[in-house]
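This is my_file26.cif. It holds mmCIF, C-alpha atoms.
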data_upload
#
loop_
_atom_site.label_atom_id
_atom_site.label_comp_id
_atom_site.auth_asym_id
_atom_site.auth_seq_id
_atom_site.Cartn_x
_atom_site.Cartn_y
_atom_site.Cartn_z
CA SER V 181 0.00 0.00 0.00
CA GLU V 182 1.14 3.54 -0.76
CA ALA V 183 0.59 6.64 1.38
CA GLY V 184 -1.04 9.79 -0.01
CA GLY V 185 0.52 13.01 -1.26
CA LEU V 186 2.70 13.60 -4.30
CA TYR V 187 5.85 13.58 -2.17
CA GLY V 188 4.55 11.01 0.33
CA GLY V 189 3.46 11.43 3.93
CA GLY V 190 0.31 13.17 2.70
CA SER V 191 2.29 16.16 1.40
CA ASN V 192 2.08 17.72 -2.06
CA GLU V 193 5.16 19.87 -1.34
CA PRO V 194 8.78 18.65 -1.25
CA PRO V 195 10.35 18.38 2.21
CA PRO V 196 12.17 21.56 3.33
CA ALA V 197 15.72 20.36 2.58
CA HIS V 198 14.75 19.25 -0.94
CA ALA V 199 12.88 22.51 -1.56
CA ALA V 200 15.99 24.41 -0.46
CA ALA V 201 18.12 22.32 -2.84
CA ALA V 202 15.64 23.14 -5.63
CA ARG V 203 15.91 26.86 -4.90
CA ALA V 204 19.71 26.54 -5.10
CA ALA V 205 19.35 24.72 -8.44
CA ILE V 206 17.10 27.54 -9.71
CA GLU V 207 19.88 30.02 -8.88
CA ARG V 208 22.11 28.09 -11.29
CA ILE V 209 19.52 28.37 -14.07
CA VAL V 210 20.81 31.48 -15.86
CA PRO V 211 21.01 32.50 -19.52
CA ARG V 212 23.93 30.63 -21.08
CA ASN V 213 25.73 30.94 -24.41
CA ALA V 214 26.21 28.11 -26.90
CA SER V 215 29.14 26.68 -24.93
CA GLY V 216 27.19 26.79 -21.67
CA GLN V 217 28.84 29.81 -20.05
CA PRO V 218 26.60 32.35 -18.26
CA ALA V 219 25.87 35.21 -20.67
CA ASN V 220 23.32 38.01 -20.58
CA ASP V 221 22.43 37.40 -24.22
CA GLY V 222 22.24 33.63 -23.66
CA LYS V 223 19.29 31.23 -23.37
CA ILE V 224 17.58 29.04 -20.78
CA VAL V 225 16.31 26.02 -22.72
CA PHE V 226 13.37 23.97 -21.37
CA VAL V 227 12.82 20.61 -23.12
CA SER V 228 10.41 17.69 -23.01
CA ILE V 229 11.68 14.10 -23.02
CA SER V 230 9.06 11.39 -23.53
CA MET V 231 6.55 9.73 -25.86
CA SER V 232 3.60 10.56 -28.14
CA ASN V 233 1.17 11.95 -25.55
CA ALA V 234 3.94 14.20 -24.25
CA THR V 235 4.93 15.62 -27.65
CA GLN V 236 1.26 16.24 -28.48
CA GLU V 237 0.79 18.12 -25.20
CA PHE V 238 4.14 19.90 -25.04
CA SER V 239 3.91 21.17 -28.61
CA VAL V 240 0.77 23.07 -27.52
CA LEU V 241 2.71 24.43 -24.53
CA VAL V 242 5.42 25.66 -26.95
CA LYS V 243 2.77 27.72 -28.77
CA LEU V 244 1.33 29.07 -25.51
CA ALA V 245 4.80 29.92 -24.17
CA ASN V 246 5.83 31.64 -27.40
CA SER V 247 2.90 34.04 -27.08
CA ASP V 248 3.19 34.40 -23.28
CA ALA V 249 4.10 38.01 -22.41
CA ALA V 250 5.05 36.95 -18.88
CA LYS V 251 7.70 34.44 -20.05
CA SER V 252 11.29 35.59 -19.82
CA PRO V 253 12.61 36.35 -23.33
CA LYS V 254 15.68 34.32 -22.33
CA VAL V 255 13.59 31.15 -21.98
CA MET V 256 13.20 28.94 -25.03
CA VAL V 257 10.83 25.97 -24.93
CA VAL V 258 11.76 23.08 -27.28
CA ASP V 259 9.69 19.91 -27.69
CA CYS V 260 12.07 16.94 -27.80
CA ALA V 261 9.43 14.30 -26.97
CA GLN V 262 8.63 11.88 -29.81
CA GLY V 263 5.89 9.49 -30.85
CA GLY V 264 6.43 5.94 -29.60
CA GLN V 265 9.52 6.85 -27.58
CA THR V 266 8.64 5.63 -24.09
CA MET V 267 11.06 5.63 -21.16
CA ALA V 268 12.40 2.24 -22.29
CA ALA V 269 13.19 3.73 -25.71
CA TRP V 270 15.32 6.54 -24.18
CA SER V 271 17.04 4.33 -21.60
CA SER V 272 20.11 3.56 -23.72
CA ALA V 273 22.60 6.44 -24.04
CA ASP V 274 22.92 5.92 -27.81
CA ALA V 275 19.19 5.38 -28.44
CA ARG V 276 17.73 7.03 -31.54
CA PRO V 277 15.48 9.56 -29.75
CA TRP V 278 18.51 11.31 -28.25
CA GLY V 279 19.83 12.01 -31.75
CA VAL V 280 16.44 13.36 -32.81
CA ALA V 281 16.38 15.56 -29.69
CA MET V 282 19.80 17.00 -30.59
CA THR V 283 18.57 17.72 -34.12
CA ARG V 284 15.55 19.56 -32.74
CA LEU V 285 17.77 21.69 -30.49
CA ASN V 286 20.01 22.45 -33.46
CA ASP V 287 16.98 23.40 -35.59
CA ALA V 288 15.87 25.75 -32.80
CA GLY V 289 19.27 27.43 -32.83
CA VAL V 290 20.33 26.27 -29.35
CA THR V 291 22.77 23.72 -27.93
CA ALA V 292 22.73 20.86 -25.45
CA GLU V 293 24.80 23.08 -23.11
CA GLN V 294 21.91 25.56 -22.90
CA VAL V 295 19.36 22.95 -21.78
CA GLN V 296 18.76 23.59 -18.07
CA VAL V 297 15.23 22.34 -17.37
CA ALA V 298 13.30 19.27 -18.57
CA TRP V 299 9.75 17.94 -18.39
CA ILE V 300 9.72 14.14 -18.39
CA LYS V 301 6.45 12.24 -18.62
CA LEU V 302 6.74 8.65 -17.41
CA ALA V 303 5.21 5.76 -19.33
CA ASN V 304 6.11 2.50 -20.97
CA ALA V 305 4.07 0.78 -23.67
CA HIS V 306 1.92 -2.29 -22.95
CA PRO V 307 2.63 -2.58 -19.22
CA THR V 308 1.53 -5.80 -17.52
CA GLY V 309 1.43 -7.17 -14.00
CA ASP V 310 1.01 -5.44 -10.67
CA LEU V 311 2.60 -2.19 -9.51
CA PRO V 312 5.81 -3.81 -8.20
CA ALA V 313 6.33 -5.49 -11.60
CA HIS V 314 5.53 -2.74 -14.12
CA GLY V 315 6.39 0.09 -11.72
CA ARG V 316 9.91 -1.04 -10.89
CA GLN V 317 10.64 -1.55 -14.60
CA LEU V 318 9.43 1.98 -15.34
CA GLN V 319 11.55 3.25 -12.44
CA ARG V 320 14.69 1.55 -13.77
CA ASP V 321 14.10 2.88 -17.28
CA THR V 322 13.39 6.41 -16.05
CA GLN V 323 16.47 6.45 -13.82
CA ALA V 324 18.55 5.57 -16.92
CA VAL V 325 16.81 8.37 -18.86
CA LEU V 326 17.63 10.87 -16.10
CA GLN V 327 21.28 9.79 -16.05
CA ASN V 328 21.49 10.05 -19.85
CA ALA V 329 19.86 13.48 -19.79
CA LYS V 330 22.35 14.80 -17.23
CA ALA V 331 25.28 13.39 -19.23
CA LYS V 332 24.02 14.88 -22.50
CA PHE V 333 22.84 18.19 -21.01
CA PRO V 334 25.59 19.06 -18.51
CA ASN V 335 23.80 22.20 -17.30
CA LEU V 336 20.49 20.43 -16.72
CA GLN V 337 19.48 21.45 -13.20
CA ILE V 338 15.86 20.40 -12.70
CA ALA V 339 13.60 17.72 -14.18
CA TYR V 340 9.88 18.03 -13.50
CA LEU V 341 8.40 14.54 -13.61
CA ASP V 342 4.81 13.70 -14.46
CA SER V 343 2.64 10.65 -14.80
CA ARG V 344 -0.08 10.18 -17.38
CA ILE V 345 -3.54 11.61 -17.86
CA TYR V 346 -6.57 9.36 -17.30
CA GLY V 347 -6.50 5.99 -19.08
CA GLY V 348 -10.03 4.81 -18.39
CA TYR V 349 -11.29 5.35 -21.95
CA ALA V 350 -8.47 3.31 -23.50
CA LYS V 351 -9.53 0.93 -26.27
CA THR V 352 -6.06 -0.68 -26.61
CA PRO V 353 -3.56 -2.23 -24.16
CA LEU V 354 -1.02 0.55 -24.87
CA ASN V 355 -1.39 2.16 -21.44
CA PRO V 356 -4.86 1.69 -19.89
CA GLU V 357 -5.90 1.90 -16.25
CA PRO V 358 -4.70 1.12 -13.66
CA TYR V 359 -1.29 1.70 -15.28
CA ALA V 360 -1.93 5.36 -16.14
CA TYR V 361 -2.81 6.08 -12.51
CA GLU V 362 -0.09 3.87 -11.02
CA GLY V 363 2.69 5.66 -12.93
CA ALA V 364 2.41 8.41 -10.32
CA PHE V 365 3.84 6.06 -7.68
CA VAL V 366 6.93 5.65 -9.83
CA VAL V 367 7.43 9.43 -9.96
CA ARG V 368 7.20 9.48 -6.18
CA TRP V 369 9.61 6.55 -5.73
CA LEU V 370 12.26 8.28 -7.86
CA ILE V 371 11.94 11.58 -6.01
CA GLN V 372 11.96 9.85 -2.63
CA GLU V 373 15.06 7.82 -3.55
CA GLN V 374 16.83 11.04 -4.53
CA ILE V 375 15.77 12.73 -1.28
CA GLN V 376 17.09 9.72 0.64
CA GLY V 377 20.50 10.16 -0.99
CA SER V 378 20.61 7.53 -3.73
CA ALA V 379 24.03 7.75 -5.44
CA SER V 380 22.39 6.77 -8.77
CA LEU V 381 20.28 9.94 -8.62
CA ASN V 382 22.81 12.26 -6.98
CA PHE V 383 22.39 15.92 -8.02
CA ASP V 384 24.74 17.46 -5.42
CA PRO V 385 28.45 17.75 -6.34
CA ALA V 386 29.24 17.95 -2.60
CA ARG V 387 28.00 14.35 -2.26
CA GLY V 388 30.00 12.81 -5.09
CA GLU V 389 29.57 12.31 -8.80
CA VAL V 390 26.50 14.11 -10.16
CA LYS V 391 24.33 11.58 -12.00
CA SER V 392 20.94 13.29 -12.28
CA PRO V 393 19.17 16.63 -12.30
CA LEU V 394 17.20 17.53 -9.18
CA LEU V 395 13.76 15.91 -9.37
CA LEU V 396 10.44 17.60 -8.66
CA TRP V 397 6.82 16.91 -9.51
CA GLY V 398 5.34 18.82 -12.42
CA PRO V 399 1.60 19.52 -12.37
CA TYR V 400 -0.33 16.37 -11.45
CA LEU V 401 -2.36 15.46 -14.56
CA TRP V 402 -4.55 12.52 -13.57
CA ALA V 403 -8.20 12.87 -12.63
CA ASP V 404 -10.85 10.16 -12.34
CA GLY V 405 -12.68 10.63 -15.64
CA VAL V 406 -15.75 12.86 -15.39
CA LYS V 407 -15.57 13.01 -11.57
CA PRO V 408 -14.27 16.52 -10.81
CA ARG V 409 -10.97 16.59 -8.93
CA LYS V 410 -11.37 18.07 -5.44
CA SER V 411 -8.44 20.47 -5.71
CA ASP V 412 -9.35 22.20 -8.98
CA GLY V 413 -12.32 20.46 -10.62
CA LEU V 414 -10.23 18.84 -13.37
CA THR V 415 -12.12 16.21 -15.35
CA TRP V 416 -11.24 13.98 -18.29
CA ASN V 417 -14.12 13.50 -20.73
CA ALA V 418 -14.23 10.99 -23.57
CA ASP V 419 -13.88 13.82 -26.12
CA ASP V 420 -10.55 14.83 -24.54
CA PHE V 421 -9.14 11.71 -26.26
CA GLY V 422 -8.70 10.52 -29.81
CA GLY V 423 -10.14 7.35 -31.27
CA ASP V 424 -7.92 4.99 -29.26
CA GLY V 425 -9.02 6.54 -25.97
CA THR V 426 -5.35 6.90 -24.98
CA HIS V 427 -3.88 9.81 -26.95
CA PRO V 428 -5.29 13.26 -26.19
CA SER V 429 -7.50 15.09 -28.65
CA GLU V 430 -7.09 18.84 -29.28
CA SER V 431 -9.04 19.61 -26.08
CA GLY V 432 -7.03 17.08 -24.08
CA ARG V 433 -3.72 18.50 -25.32
CA GLU V 434 -4.87 21.98 -24.42
CA LYS V 435 -5.83 20.88 -20.89
CA VAL V 436 -2.35 19.54 -20.23
CA ALA V 437 -0.60 22.53 -21.84
CA LYS V 438 -2.67 24.94 -19.73
CA LEU V 439 -1.88 22.97 -16.56
CA LEU V 440 1.81 23.16 -17.46
CA LEU V 441 1.62 26.88 -18.18
CA GLU V 442 -0.21 27.57 -14.93
CA PHE V 443 2.46 25.55 -13.09
CA LEU V 444 5.24 27.61 -14.71
CA HIS V 445 3.47 30.81 -13.68
CA THR V 446 2.51 29.91 -10.12
CA ASN V 447 4.76 27.17 -8.73
CA SER V 448 7.47 28.66 -6.50
CA LEU V 449 9.98 26.07 -7.77
CA ALA V 450 9.33 26.87 -11.45
CA SER V 451 8.23 30.48 -11.83
CA PRO V 452 11.58 32.09 -10.82
CA TRP V 453 13.39 30.85 -13.95
CA TYR V 454 10.37 31.02 -16.29
CA LEU V 455 8.97 34.47 -15.56
CA THR V 456 10.62 37.74 -16.56
CA ARG V 457 10.27 39.24 -13.09
CA GLY V 458 12.16 36.36 -11.49
CA ARG V 459 15.35 36.60 -13.53
CA VAL V 460 18.73 37.36 -12.06
CA GLN V 461 21.47 38.83 -14.21
CA ALA V 462 24.06 36.32 -15.31
CA GLY V 463 27.73 37.02 -15.70
CA PRO V 464 30.06 39.22 -13.63
#
Give the structure from the file, written as structure tokens.
Amino acid sequence: SEAGGLYGGGSNEPPPAHAAAARAAIERIVPRNASGQPANDGKIVFVSISMSNATQEFSVLVKLANSDAAKSPKVMVVDCAQGGQTMAAWSSADARPWGVAMTRLNDAGVTAEQVQVAWIKLANAHPTGDLPAHGRQLQRDTQAVLQNAKAKFPNLQIAYLDSRIYGGYAKTPLNPEPYAYEGAFVVRWLIQEQIQGSASLNFDPARGEVKSPLLLWGPYLWADGVKPRKSDGLTWNADDFGGDGTHPSESGREKVAKLLLEFLHTNSLASPWYLTRGRVQAGP
């Protein structure tokens, strides 16, 4: 059995020491030039790393962010998520989606050294078995993805992790319930392991080799179908999904993109680097 709260112990906020570490990581998120050095005319690149649902949702966020007057002009949002590329598909350091991601950064006129923030949506295709079986596999794959991301993006400071939207309308075994819901436990396990000092997820150079960005929850996306969520009334209707009941329709994509945008505007561990008013000057 699993306790409540995104971070465990009934809490939706990270424990104080982890929140303090996140604020320190945010201080390191500054505009950087192509070689990764702090520069006032540099960029802060925010990427997505994941599969089809994520690229469909994040590409809408890119449009919203590009027309968002509150976004810092230094921040560039680049969708690197790709259809079919689940956590397992990114888990090898030389896997194809990493090359595609680098091409997308290049096309956007930025470099891997300027990537400082990532949104990673956890899922594997066709999960089977109970939570310990499919969940631990997803955890292993995602840990490898995080290690690869830190190695490829040396200035990556924070990864916001998310689980899936509702899977109760699914018409295929790609990722139905309860797997869509249970992915959230995997997010929590990874964050808790990092908080507990796992060397495999170390983000603090004072504690040894840095293997991972600092991990935080993104906006929680799951709600129980048409039953309004207590916190904010979020629902998932059948028309928020395409024909397979798994991939989001236009309205579903917009829901996720708006939740992400609201998170970037209002979350105290995201807004300082995203919003214009929160920027510190880089350089001497």
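Closest approach to Ile375 of chain V among V:Gly263, V:Leu302, V:Leu396, V:Asp310 is made by V:Leu396 (distances from all atoms listed in the file).
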Just to confirm, what's the straight-line distance from atom CA of Val366 of chain V to atom CA of Phe421 of chain V in Å (one decimal)?
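Distance reported for this atom pair: 23.8 Å.
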Expected selection from the PyMOL selection byres ((chain V and resi 360) around 9), given as a PyMOL selection string:
chain V and resi 303+343-348+355-359+361-364+402
Using only C-alpha atoms for the distances, tell me which of V:Pro428, V:Pro452, V:Gly422, V:Gly216 is nearest to Leu336 of chain V.
V:Gly216
Taking all atoms listed in the file into account, name the residue in V:Ala339, V:Thr456, V:Leu186, V:Lys332 that is nearest to Val255 of chain V.
V:Thr456
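Distances from V:Gly189, V:Trp397, V:Glu182, V:Glu373 to Pro312 of chain V were compared using all atoms listed in the file, and the smallest one belongs to V:Glu182.
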Chain and number of each residue from the PyMOL selection byres ((chain V and resi 292) around 8), as an mmCIF file with C-alpha atoms, keeping the file's coordinate frame:
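So the final result, stored in result_8.cif, reads:
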data_model
loop_
_atom_site.group_PDB
_atom_site.id
_atom_site.type_symbol
_atom_site.label_atom_id
_atom_site.label_comp_id
_atom_site.auth_asym_id
_atom_site.auth_seq_id
_atom_site.Cartn_x
_atom_site.Cartn_y
_atom_site.Cartn_z
ATOM 1 C CA MET V 282 19.800 17.000 -30.590
ATOM 2 C CA LEU V 285 17.770 21.690 -30.490
ATOM 3 C CA VAL V 290 20.330 26.270 -29.350
ATOM 4 C CA THR V 291 22.770 23.720 -27.930
ATOM 5 C CA GLU V 293 24.800 23.080 -23.110
ATOM 6 C CA GLN V 294 21.910 25.560 -22.900
ATOM 7 C CA VAL V 295 19.360 22.950 -21.780
ATOM 8 C CA LYS V 332 24.020 14.880 -22.500
ATOM 9 C CA PHE V 333 22.840 18.190 -21.010
ATOM 10 C CA PRO V 334 25.590 19.060 -18.510
#
Expand the PyMOL selection byres ((chain V and resi 193-199) around 10) into the individual residues it matches in the shown file, reporting them as a PDB file with C-alpha atoms, keeping the file's coordinate frame.
ATOM      1  CA  GLY V 185       0.520  13.010  -1.260  1.00  0.00           C
ATOM      2  CA  LEU V 186       2.700  13.600  -4.300  1.00  0.00           C
ATOM      3  CA  TYR V 187       5.850  13.580  -2.170  1.00  0.00           C
ATOM      4  CA  GLY V 188       4.550  11.010   0.330  1.00  0.00           C
ATOM      5  CA  GLY V 189       3.460  11.430   3.930  1.00  0.00           C
ATOM      6  CA  GLY V 190       0.310  13.170   2.700  1.00  0.00           C
ATOM      7  CA  SER V 191       2.290  16.160   1.400  1.00  0.00           C
ATOM      8  CA  ASN V 192       2.080  17.720  -2.060  1.00  0.00           C
ATOM      9  CA  ALA V 200      15.990  24.410  -0.460  1.00  0.00           C
ATOM     10  CA  ALA V 201      18.120  22.320  -2.840  1.00  0.00           C
ATOM     11  CA  ALA V 202      15.640  23.140  -5.630  1.00  0.00           C
ATOM     12  CA  ARG V 203      15.910  26.860  -4.900  1.00  0.00           C
ATOM     13  CA  ALA V 204      19.710  26.540  -5.100  1.00  0.00           C
ATOM     14  CA  ALA V 205      19.350  24.720  -8.440  1.00  0.00           C
ATOM     15  CA  ILE V 371      11.940  11.580  -6.010  1.00  0.00           C
ATOM     16  CA  GLN V 372      11.960   9.850  -2.630  1.00  0.00           C
ATOM     17  CA  GLN V 374      16.830  11.040  -4.530  1.00  0.00           C
ATOM     18  CA  ILE V 375      15.770  12.730  -1.280  1.00  0.00           C
ATOM     19  CA  GLN V 376      17.090   9.720   0.640  1.00  0.00           C
ATOM     20  CA  LEU V 394      17.200  17.530  -9.180  1.00  0.00           C
ATOM     21  CA  LEU V 395      13.760  15.910  -9.370  1.00  0.00           C
ATOM     22  CA  LEU V 396      10.440  17.600  -8.660  1.00  0.00           C
ATOM     23  CA  TRP V 397       6.820  16.910  -9.510  1.00  0.00           C
ATOM     24  CA  SER V 448       7.470  28.660  -6.500  1.00  0.00           C
ATOM     25  CA  LEU V 449       9.980  26.070  -7.770  1.00  0.00           C
TER      26      LEU V 449
END
Can you tell me which residues surround Gly432 of chain V at a distance of at most 12 Å, considering all atoms listed in the file, apart from same-chain residues fewer than 5 positions away, and format the answer as an MDAnalysis selection string?
chainID V and resid 233:234 236:238 240 344:346 401:402 414:422 425:427 437:439
